[in-house]
Structure formats: structure tokens, C-alpha cells
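Participant: Dropping in run-v6.cif, which is mmCIF, C-alpha atoms:
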data_my_file
loop_
_atom_site.label_atom_id
_atom_site.label_comp_id
_atom_site.auth_asym_id
_atom_site.auth_seq_id
_atom_site.Cartn_x
_atom_site.Cartn_y
_atom_site.Cartn_z
CA MET A 2 42.90 47.08 146.87
CA GLU A 3 42.48 48.62 150.34
CA LEU A 4 44.28 47.82 153.58
CA GLY A 5 41.38 46.17 155.44
CA PRO A 6 40.34 43.69 152.73
CA ALA A 7 44.00 42.80 152.10
CA ILE A 8 44.56 41.95 155.78
CA ARG A 9 41.38 39.84 155.86
CA HIS A 10 42.40 38.03 152.66
CA TRP A 11 45.86 37.17 153.98
CA ARG A 12 44.44 36.19 157.39
CA ASP A 13 42.05 33.73 155.75
CA ARG A 14 44.96 32.27 153.79
CA VAL A 15 47.26 31.46 156.73
CA SER A 16 46.60 28.08 158.30
CA PRO A 17 46.89 27.79 162.10
CA ASP A 18 49.54 25.09 161.67
CA ALA A 19 51.70 27.44 159.62
CA ALA A 20 51.43 30.03 162.41
CA GLY A 21 52.26 27.52 165.15
CA ILE A 22 48.73 27.63 166.63
CA PRO A 23 47.17 24.38 167.94
CA VAL A 24 44.01 23.41 166.07
CA GLY A 25 40.97 22.22 168.02
CA THR A 26 38.56 19.57 166.79
CA ARG A 27 35.64 22.02 166.55
CA ARG A 28 37.45 24.67 164.55
CA ARG A 29 35.53 26.01 161.56
CA ALA A 30 37.81 28.77 160.27
CA ALA A 31 40.42 27.52 157.82
CA GLY A 32 42.62 30.57 158.34
CA LEU A 33 43.59 32.62 161.36
CA ARG A 34 40.93 33.99 163.66
CA ARG A 35 41.10 37.70 164.28
CA GLU A 36 42.19 37.23 167.88
CA GLU A 37 44.94 34.84 166.79
CA LEU A 38 46.45 37.32 164.34
CA ALA A 39 46.19 40.07 166.97
CA GLN A 40 48.12 37.91 169.41
CA LEU A 41 50.78 37.07 166.82
CA ALA A 42 51.20 40.75 165.95
CA GLY A 43 51.11 41.98 169.56
CA ILE A 44 48.16 44.33 169.00
CA SER A 45 44.65 44.44 170.44
CA VAL A 46 41.76 42.63 168.77
CA ASP A 47 39.84 45.92 168.79
CA TYR A 48 42.58 47.71 166.84
CA LEU A 49 42.86 44.87 164.31
CA THR A 50 39.08 44.97 163.87
CA ARG A 51 39.19 48.70 163.15
CA LEU A 52 42.01 48.17 160.64
CA GLU A 53 40.06 45.48 158.80
CA GLN A 54 36.89 47.58 158.79
CA GLY A 55 38.67 50.70 157.55
CA ARG A 56 38.03 52.66 160.76
CA ALA A 57 41.77 52.85 161.49
CA THR A 58 43.83 53.85 158.46
CA ALA A 59 47.25 54.99 159.69
CA PRO A 60 49.06 52.12 161.45
CA SER A 61 52.68 52.66 162.44
CA ASP A 62 55.50 50.93 160.59
CA GLN A 63 56.02 48.81 163.71
CA VAL A 64 52.42 47.54 163.55
CA VAL A 65 52.63 46.90 159.81
CA GLU A 66 55.85 44.93 160.24
CA ALA A 67 54.25 42.88 163.01
CA LEU A 68 51.21 42.16 160.83
CA ALA A 69 53.45 41.11 157.92
CA ARG A 70 55.24 38.75 160.27
CA GLY A 71 52.02 37.28 161.68
CA LEU A 72 50.54 36.87 158.21
CA ARG A 73 53.69 35.10 156.93
CA LEU A 74 53.89 37.47 153.95
CA SER A 75 56.45 37.12 151.20
CA GLU A 76 58.76 40.06 150.50
CA PRO A 77 56.56 41.47 147.64
CA GLU A 78 53.43 41.06 149.78
CA ARG A 79 55.13 42.79 152.70
CA GLU A 80 56.02 45.74 150.48
CA LEU A 81 52.40 45.86 149.26
CA LEU A 82 51.11 45.88 152.85
CA PHE A 83 53.36 48.85 153.65
CA ARG A 84 52.11 50.71 150.54
CA LEU A 85 48.47 50.04 151.42
CA ALA A 86 49.18 51.49 154.86
CA GLY A 87 50.64 54.62 153.25
CA LEU A 88 54.19 53.72 154.27
CA THR A 89 57.42 52.71 152.58
CA ALA A 90 58.92 49.37 153.54
CA PRO A 91 62.34 49.76 155.16
CA GLY A 92 65.05 49.24 152.56
CA ARG A 93 68.80 48.97 152.43
CA GLY A 94 70.78 51.25 154.68
CA LEU A 95 68.15 51.07 157.43
CA VAL A 96 68.11 48.88 160.52
CA SER A 97 66.01 45.84 159.65
CA THR A 98 63.13 44.52 161.74
CA ARG A 99 62.16 41.95 159.12
CA ILE A 100 61.75 38.36 160.28
CA THR A 101 61.82 36.17 157.20
CA PRO A 102 59.49 33.15 156.94
CA SER A 103 62.47 30.80 157.27
CA VAL A 104 63.59 32.48 160.51
CA GLN A 105 59.99 32.42 161.74
CA ARG A 106 59.80 28.68 161.13
CA MET A 107 62.93 28.26 163.21
CA LEU A 108 61.42 30.37 166.00
CA ASP A 109 58.27 28.24 165.98
CA ARG A 110 60.45 25.26 166.91
CA PHE A 111 61.33 27.00 170.19
CA ASP A 112 57.72 26.79 171.39
CA GLY A 113 57.76 26.53 175.18
CA HIS A 114 61.13 28.25 175.52
CA PRO A 115 61.28 31.99 176.23
CA VAL A 116 62.51 33.78 173.08
CA VAL A 117 62.96 37.50 172.39
CA ILE A 118 64.27 39.21 169.25
CA PHE A 119 66.00 42.59 169.08
CA ASP A 120 67.11 44.55 166.04
CA ALA A 121 70.57 46.11 165.65
CA MET A 122 69.39 49.19 167.60
CA TRP A 123 68.31 46.92 170.48
CA ASN A 124 64.66 47.62 169.82
CA LEU A 125 62.44 44.72 170.80
CA VAL A 126 61.00 43.26 167.60
CA THR A 127 58.95 40.44 169.10
CA ALA A 128 58.80 38.14 172.09
CA ASN A 129 56.86 34.92 172.49
CA ALA A 130 54.33 34.14 175.21
CA ALA A 131 56.87 32.16 177.25
CA TYR A 132 59.20 35.18 177.37
CA ASP A 133 56.38 37.45 178.52
CA ALA A 134 55.46 34.90 181.18
CA LEU A 135 59.05 34.88 182.44
CA MET A 136 60.00 38.54 182.12
CA GLY A 137 56.68 40.38 182.22
CA ARG A 138 54.31 41.48 179.48
CA THR A 139 56.16 43.26 176.65
CA THR A 140 53.15 43.99 174.45
CA ALA A 141 52.30 47.01 176.61
CA TRP A 142 55.70 48.63 175.94
CA ARG A 143 55.49 51.64 173.66
CA GLY A 144 58.02 53.91 171.96
CA PRO A 145 61.40 54.09 173.70
CA GLU A 146 60.30 51.52 176.29
CA ARG A 147 60.93 48.87 173.62
CA ASN A 148 64.62 49.79 173.40
CA ALA A 149 66.98 47.87 175.70
CA VAL A 150 69.56 50.67 175.89
CA TRP A 151 66.88 53.20 176.87
CA ARG A 152 65.35 50.86 179.44
CA HIS A 153 68.67 50.16 181.16
CA LEU A 154 69.57 53.86 181.34
CA LEU A 155 66.19 55.52 181.83
CA GLY A 156 63.46 52.93 182.25
CA PRO A 157 62.24 50.60 184.99
CA ALA A 158 64.37 47.70 186.17
CA SER A 159 63.87 44.29 184.62
CA ARG A 160 63.47 40.97 186.43
CA VAL A 161 67.07 40.02 185.64
CA VAL A 162 69.25 40.36 188.73
CA HIS A 163 72.57 42.21 188.23
CA SER A 164 75.20 43.44 190.61
CA PRO A 165 76.08 47.14 190.16
CA GLN A 166 79.24 46.16 188.29
CA GLU A 167 77.40 43.67 186.06
CA GLU A 168 74.81 46.34 185.21
CA ALA A 169 77.52 48.89 184.42
CA ASP A 170 79.34 46.42 182.17
CA LEU A 171 76.11 45.49 180.39
CA VAL A 172 75.18 49.12 179.71
CA ALA A 173 78.70 49.90 178.48
CA ASN A 174 78.56 46.99 176.04
CA LEU A 175 75.08 47.93 174.82
CA VAL A 176 76.13 51.52 174.15
CA ALA A 177 79.33 50.40 172.41
CA ASP A 178 77.33 48.03 170.23
CA LEU A 179 74.83 50.78 169.42
CA ARG A 180 77.68 53.04 168.37
CA LEU A 181 78.98 50.39 166.00
CA THR A 182 75.44 50.01 164.63
CA ALA A 183 75.40 53.77 163.96
CA THR A 184 78.51 53.41 161.82
CA ARG A 185 76.81 50.70 159.73
CA TYR A 186 73.51 52.57 159.33
CA PRO A 187 74.41 56.29 159.27
CA ALA A 188 71.29 57.21 157.24
CA ASP A 189 68.69 55.60 159.51
CA PRO A 190 66.53 58.42 160.95
CA ARG A 191 65.13 56.25 163.75
CA LEU A 192 68.64 55.49 164.94
CA ARG A 193 69.56 59.19 164.88
CA ARG A 194 66.44 60.04 166.89
CA LEU A 195 67.22 57.36 169.47
CA VAL A 196 70.80 58.56 169.92
CA GLY A 197 69.65 62.18 170.14
CA ASP A 198 67.06 61.34 172.78
CA LEU A 199 69.55 59.36 174.85
CA ARG A 200 72.17 62.12 174.60
CA ALA A 201 69.64 64.70 175.76
CA ARG A 202 68.41 62.67 178.73
CA SER A 203 71.36 60.63 180.02
CA ALA A 204 74.78 61.97 181.00
CA GLU A 205 75.96 58.38 181.42
CA PHE A 206 75.03 57.65 177.81
CA VAL A 207 77.01 60.69 176.63
CA ARG A 208 80.05 59.54 178.59
CA LEU A 209 79.88 56.02 177.18
CA TRP A 210 79.01 57.18 173.65
CA GLU A 211 82.03 59.45 173.48
CA ALA A 212 84.42 56.80 174.77
CA ILE A 213 87.11 55.99 172.23
CA ASP A 214 87.81 52.35 173.13
CA LEU A 215 85.19 50.05 171.60
CA THR A 216 87.32 46.88 171.68
CA ALA A 217 86.24 45.68 175.12
CA GLN A 218 82.91 44.32 173.93
CA GLU A 219 81.72 41.00 175.23
CA ALA A 220 78.71 38.89 174.45
CA PRO A 221 75.80 39.20 176.89
CA ALA A 222 76.17 36.97 179.93
CA LYS A 223 75.10 33.43 179.10
CA LEU A 224 73.88 32.57 182.61
CA LYS A 225 71.26 34.91 184.02
CA THR A 226 69.28 35.03 187.25
CA VAL A 227 65.64 36.03 186.85
CA ASP A 228 63.69 37.07 189.94
CA HIS A 229 60.15 35.99 189.11
CA PRO A 230 57.49 37.53 191.39
CA GLU A 231 55.62 34.24 191.91
CA VAL A 232 58.18 31.43 191.73
CA GLY A 233 61.34 33.15 192.99
CA ARG A 234 64.77 33.21 191.43
CA ILE A 235 65.55 31.13 188.34
CA ARG A 236 69.07 30.56 187.04
CA ILE A 237 68.68 30.27 183.30
CA ASP A 238 70.94 29.99 180.26
CA CYS A 239 70.59 32.68 177.59
CA ASP A 240 72.03 31.99 174.15
CA THR A 241 72.14 34.78 171.57
CA LEU A 242 71.91 33.96 167.86
CA VAL A 243 72.61 36.63 165.22
CA VAL A 244 70.79 36.51 161.86
CA ALA A 245 73.43 37.23 159.23
CA GLY A 246 72.56 40.10 156.91
CA ASP A 247 69.74 41.48 159.05
CA ASP A 248 71.58 42.02 162.35
CA LEU A 249 68.69 40.54 164.31
CA ARG A 250 69.59 39.17 167.75
CA ILE A 251 67.59 36.12 168.84
CA MET A 252 67.90 35.39 172.56
CA VAL A 253 66.76 31.92 173.65
CA TYR A 254 66.34 31.04 177.34
CA SER A 255 66.54 27.49 178.67
CA CYS A 256 67.30 25.44 181.78
CA GLU A 257 68.93 22.04 182.11
CA PRO A 258 66.13 19.42 182.19
CA GLY A 259 65.39 17.83 185.54
CA THR A 260 66.75 20.68 187.61
CA GLU A 261 64.88 22.81 190.14
CA ASP A 262 65.42 25.80 187.87
CA ALA A 263 63.71 23.94 185.01
CA GLU A 264 60.73 23.22 187.25
CA ARG A 265 60.51 26.86 188.31
CA LEU A 266 60.74 28.02 184.71
CA ALA A 267 57.92 25.66 183.67
CA LEU A 268 55.78 26.92 186.55
CA ALA A 269 56.52 30.55 185.71
CA ILE A 270 55.40 29.96 182.11
CA VAL A 271 52.16 28.27 183.22
CA LEU A 272 51.34 31.02 185.72
CA GLY A 273 52.28 33.78 183.30
CA ASN A 274 50.21 32.34 180.47
CA GLN A 275 47.23 31.97 182.79
CA ALA A 276 47.58 35.57 183.95
CA MET A 277 47.71 36.81 180.35
CA THR A 278 44.64 34.70 179.47
CA ASP A 279 42.75 36.15 182.44
CA GLN A 280 43.79 39.68 181.41
CA ALA A 281 42.63 39.09 177.85
CA SER A 282 39.26 37.82 179.12
CA SER A 283 38.94 40.87 181.37
CA ASP A 284 39.77 43.21 178.48
CA GLN A 285 37.19 41.47 176.28
CA ALA A 286 34.53 41.78 178.97
CA SER A 287 35.32 45.49 179.32
CA ARG A 288 34.98 46.01 175.56
CA VAL A 289 31.61 44.21 175.55
CA GLN A 290 30.38 46.37 178.43
CA GLU A 291 31.52 49.52 176.65
CA THR A 292 29.61 48.44 173.54
CA ARG A 293 26.43 47.73 175.48
CA GLY A 294 26.64 50.91 177.53
CA PRO A 295 25.93 51.29 181.24
CA ALA A 296 23.48 48.89 182.79
CA THR A 297 19.96 50.19 183.38
CA PRO A 298 19.45 50.68 187.12
CA THR A 299 16.67 48.73 188.76
CA VAL A 300 13.84 50.97 189.98
CA PRO A 301 12.37 49.75 193.26
CA ALA A 302 8.62 49.31 193.43
CA SER A 303 6.72 52.07 195.18
CA GLY A 304 6.12 51.55 198.85
CA THR A 305 9.36 49.65 199.44
#
Starting from the coordinates I provided, produce the structure as C-alpha cells.
Facilitator:
Amino acid sequence: MELGPAIRHWRDRVSPDAAGIPVGTRRRAAGLRREELAQLAGISVDYLTRLEQGRATAPSDQVVEALARGLRLSEPERELLFRLAGLTAPGRGLVSTRITPSVQRMLDRFDGHPVVIFDAMWNLVTANAAYDALMGRTTAWRGPERNAVWRHLLGPASRVVHSPQEEADLVANLVADLRLTATRYPADPRLRRLVGDLRARSAEFVRLWEAIDLTAQEAPAKLKTVDHPEVGRIRIDCDTLVVAGDDLRIMVYSCEPGTEDAERLALAIVLGNQAMTDQASSDQASRVQETRGPATPTVPASGT
């Protein structure tokens, strides 16, 4: 079996209902459409097409994990997908990015609420469309940009509003938590690379990493203020759930119904989803134009 046919087989097997995708009355495909799986996995339709056609043969472990999640694969099937991609599925002793089908079913129930999942290294595993609408598109983040510790120390600012002291406390707690993660997963090479990169680039990280006192940790602030570029500031509750055994952190955002903040959140999600739909349509049009090649210029008739 090859990678492309396996992905197509599993895509045809997954019903839209199982993936939390609304089904229209004119739908013909019993399984997932290619664009639906691409959206679930956070990759482009073009890249998924090349994977299925065998024109792309070396996906990253992050992409393979995202495909396994979108395809709702069992543990043996996930391991097979990794092998077909020429990779080894992460095992014990490594930071897990695995979202089990049971956890995924729970996440599907949060449809309409912004949800983001981080692993024990604070790497972003996945975020739903409502989260991207609220916080900005995460699917474009690559490499270290997907790590919350890196972003707070070295990356661009987020839409969450913090005072200087709140930001300092948050960074200190993130670094302390990362250090505890390093004691639980000392053999994880990705974790060692992340720590090495942060040590080389951030003096503040070195200072916090070498601090002795790790007892002053607190849970992330429950009430956050998000400065949305189109609807203004939204005060929103953020509850963090930890998946036992996998160290995944599920952050769920919500507002009290009937409040002005709830109305702003709903509007932000509508506007954000529309913007992402328009962007997807624009990207598709660009791909079609690239396939067709440049338009043939019109030659004016002689004498004009």
C-alpha cells in the first residue's frame, strides 16, 4: 500500500457527520471531500492533492498527525499512516500531539466556541475555525511560530491584551511549565531543540529557565480581553482542560449569553469565517489561473 491511495481510502470512509461537517441536500460524496479534509488538517488543498497523487512523498510528522486526526484513524491506522509516510509514530517518552477519537468527539461538541489545543511543549496542535476568527489565522504559522513560549518571547504580539506585569507573569509561568515538561520528557529531541533555540535567542528565557523556584505557577488567567480588529475589545472566559496521560491542554473560550461581549464574539466569528472563506476562494482562483497560464493578450485590429 502507498501513502496516496491510503489517504484516499480513509477519506472516502469518513462520513461528514463523523467529522462534524454539515451535509447539504445535494451532496454526492459519501466520504470527505478533498477540501474538507484539507481544512480539518490545516493544510492546503493543493498539497493534499499532491500527497494523494504521489507527487508529494515526504510530509512532516506534524502534517501526518493532522491527517490522522482529520481522518479519525484508530491507533493502528495512525501508526500505518506514519510508516507509509516514511516516519515513526511518536511513542512513549515523547511529547504527545495525539488527539484520540474520543477527545475529538468532545471537541466537536464545542462547535461555535473558539477552541485551541496545545501539547505539553506549548506547541499549537490544532485550533478550530471560531478560534482563528477570534485570534487570527493560525494555519499560516510555521515552525517555532506555533509555540506559545517562542511567540511570547520572540514572536509578534497576539490579540490578547496584557499589562506589562501580566505579560511578565504569563511568560514566567510558561517557561516554568516548559521546564517541568522537560523533566518528564528528557529524551524528546524536539523539546531539546526548542529549549536550545530559546536559550540561544532570548536572554529573558535563560534567566527564567535557570530560576530555581518553580512553585509559583498559576493557571492561565481565566478572564481575558481580546482586541479584535473589527469588533473591538471582547472580555471572554478561557477555561483550560488537561487531557490526562497525554498532557494536552484544551483551551475553550466563551462569553456569558445575552451580554454585549457575547454579541461581539458572535460577530467576530461571523466576520472571521467570512474573511477565511473569501481568502480560500481567492487562493483557489489563483491556483486555477496558474494552471491555465497567463491570459492571451488581445491583438487590436490593424488601422485602429
Participant: Could you give me the centre and size, in Å to one decimal, of an axis-aligned box around all listed atoms of range 124-134 of chain A with 5 Å added on every side, as JSON?
Facilitator:
{"center_x": 59.5, "center_y": 39.9, "center_z": 174.4, "size_x": 20.3, "size_y": 25.5, "size_z": 23.6}
Participant: Selected by the PyMOL selection byres ((chain A and resi 209) around 12) in the shown coordinates: which residues, as a PyMOL selection string?
Facilitator: chain A and resi 150+154+169-180+196+199-200+203-208+210-215
Participant: What would the file look like if the residues just selected were written as an mmCIF file, keeping the file's coordinate frame with C-alpha atoms?
Facilitator:
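Result file follows (result24.cif):
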data_model
loop_
_atom_site.group_PDB
_atom_site.id
_atom_site.type_symbol
_atom_site.label_atom_id
_atom_site.label_comp_id
_atom_site.auth_asym_id
_atom_site.auth_seq_id
_atom_site.Cartn_x
_atom_site.Cartn_y
_atom_site.Cartn_z
ATOM 1 C CA VAL A 150 69.560 50.670 175.890
ATOM 2 C CA LEU A 154 69.570 53.860 181.340
ATOM 3 C CA ALA A 169 77.520 48.890 184.420
ATOM 4 C CA ASP A 170 79.340 46.420 182.170
ATOM 5 C CA LEU A 171 76.110 45.490 180.390
ATOM 6 C CA VAL A 172 75.180 49.120 179.710
ATOM 7 C CA ALA A 173 78.700 49.900 178.480
ATOM 8 C CA ASN A 174 78.560 46.990 176.040
ATOM 9 C CA LEU A 175 75.080 47.930 174.820
ATOM 10 C CA VAL A 176 76.130 51.520 174.150
ATOM 11 C CA ALA A 177 79.330 50.400 172.410
ATOM 12 C CA ASP A 178 77.330 48.030 170.230
ATOM 13 C CA LEU A 179 74.830 50.780 169.420
ATOM 14 C CA ARG A 180 77.680 53.040 168.370
ATOM 15 C CA VAL A 196 70.800 58.560 169.920
ATOM 16 C CA LEU A 199 69.550 59.360 174.850
ATOM 17 C CA ARG A 200 72.170 62.120 174.600
ATOM 18 C CA SER A 203 71.360 60.630 180.020
ATOM 19 C CA ALA A 204 74.780 61.970 181.000
ATOM 20 C CA GLU A 205 75.960 58.380 181.420
ATOM 21 C CA PHE A 206 75.030 57.650 177.810
ATOM 22 C CA VAL A 207 77.010 60.690 176.630
ATOM 23 C CA ARG A 208 80.050 59.540 178.590
ATOM 24 C CA TRP A 210 79.010 57.180 173.650
ATOM 25 C CA GLU A 211 82.030 59.450 173.480
ATOM 26 C CA ALA A 212 84.420 56.800 174.770
ATOM 27 C CA ILE A 213 87.110 55.990 172.230
ATOM 28 C CA ASP A 214 87.810 52.350 173.130
ATOM 29 C CA LEU A 215 85.190 50.050 171.600
#
Participant: To one decimal in Å, tell me the separation between CA of Gly113 in chain A and CA of Ala19 in chain A.
Facilitator: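 Interatomic distance, CA of Gly113 in chain A to CA of Ala19 in chain A: 16.7 Å.
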Participant: Please write the residues picked by the PyMOL selection byres ((chain A and resi 127) around 6) on this file as a PDB file with C-alpha atoms, keeping the file's coordinate frame.
Facilitator:
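Saved file expr.pdb follows:
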ATOM      1  CA  VAL A 117      62.960  37.500 172.390  1.00  0.00           C
ATOM      2  CA  ILE A 118      64.270  39.210 169.250  1.00  0.00           C
ATOM      3  CA  LEU A 125      62.440  44.720 170.800  1.00  0.00           C
ATOM      4  CA  VAL A 126      61.000  43.260 167.600  1.00  0.00           C
ATOM      5  CA  ALA A 128      58.800  38.140 172.090  1.00  0.00           C
TER       6      ALA A 128
END
Participant: What separation in Å, quoted to one decimal, exists between CA of Gly92 in chain A and CA of Ser61 in chain A?
Facilitator: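 So the two atoms, CA of Gly92 in chain A and CA of Ser61 in chain A, lie 16.2 Å apart.
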Participant: Smallest atom-to-atom distance to Leu81 in chain A: which of A:Arg110, A:Ala7, A:Val271, A:Pro60, using all atoms listed in the file?
Facilitator: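 Checking each candidate against Leu81 in chain A, we get A:Ala7 as the closest.
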Participant: Enumerate, as a count of residues only, the residues matched when the PyMOL selection byres ((chain A and resi 251) around 9) is run on the file above.
Facilitator: 15
Participant: Could you check the closest approach to Arg191 in chain A for each of A:Pro91, A:Gly273, A:Gly233, A:Pro258 and tell me which residue wins, using only C-alpha atoms?
Facilitator: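 Checking each candidate against Arg191 in chain A, we get A:Pro91 as the closest.
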Participant: So which one's closest to Ile270 in chain A, A:Ser16, A:Thr89, A:Gln54, A:Asn129? Using all atoms listed in the file, please.
Facilitator: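 Closest residue, counting all atoms listed in the file: A:Asn129.
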Participant: Would you kindly return, as a CSV table (one decimal) with C-alpha atoms, keeping the file's coordinate frame, each protein, DNA or RNA residue with an atom no farther than 8 Å from any atom of range 76-80 of chain A, considering only C-alpha atoms and excluding same-chain residues fewer than 4 positions away?
Facilitator:
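Dumped everything to out.csv:
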chain,number,residue,atom,x,y,z
A,66,GLU,CA,55.8,44.9,160.2
A,69,ALA,CA,53.4,41.1,157.9
A,84,ARG,CA,52.1,50.7,150.5
A,89,THR,CA,57.4,52.7,152.6
A,90,ALA,CA,58.9,49.4,153.5
Participant: Go through A:Arg93, A:Arg73, A:Arg35, A:Arg29 one by one, measure the shortest atom-to-atom distance of each to Asp189 in chain A using only C-alpha atoms, and give the residue with the smallest value.
Facilitator: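 The closest residue to Asp189 in chain A is A:Arg93.
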Participant: I'd like the interatomic distance between CA of Gln63 in chain A and CA of Ala269 in chain A, to a tenth of an Å.
Facilitator: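 Taking CA of Gln63 in chain A as the start and CA of Ala269 in chain A as the end point, the length is 28.6 Å.
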Participant: My list of candidates is A:Val24, A:Ala121, A:Ser164, A:Arg143. Which is closest to Leu95 in chain A when distances are computed with only C-alpha atoms?
Facilitator: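 Going through A:Val24, A:Ala121, A:Ser164, A:Arg143 one by one, the smallest distance to Leu95 in chain A is for A:Ala121.
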Participant: Between A:Glu146, A:Glu257, A:Asp247, A:Asp198, which one has atoms that come closest to Val104 in chain A, using only C-alpha atoms?
Facilitator: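 Closest to Val104 in chain A of all the choices is A:Asp247.
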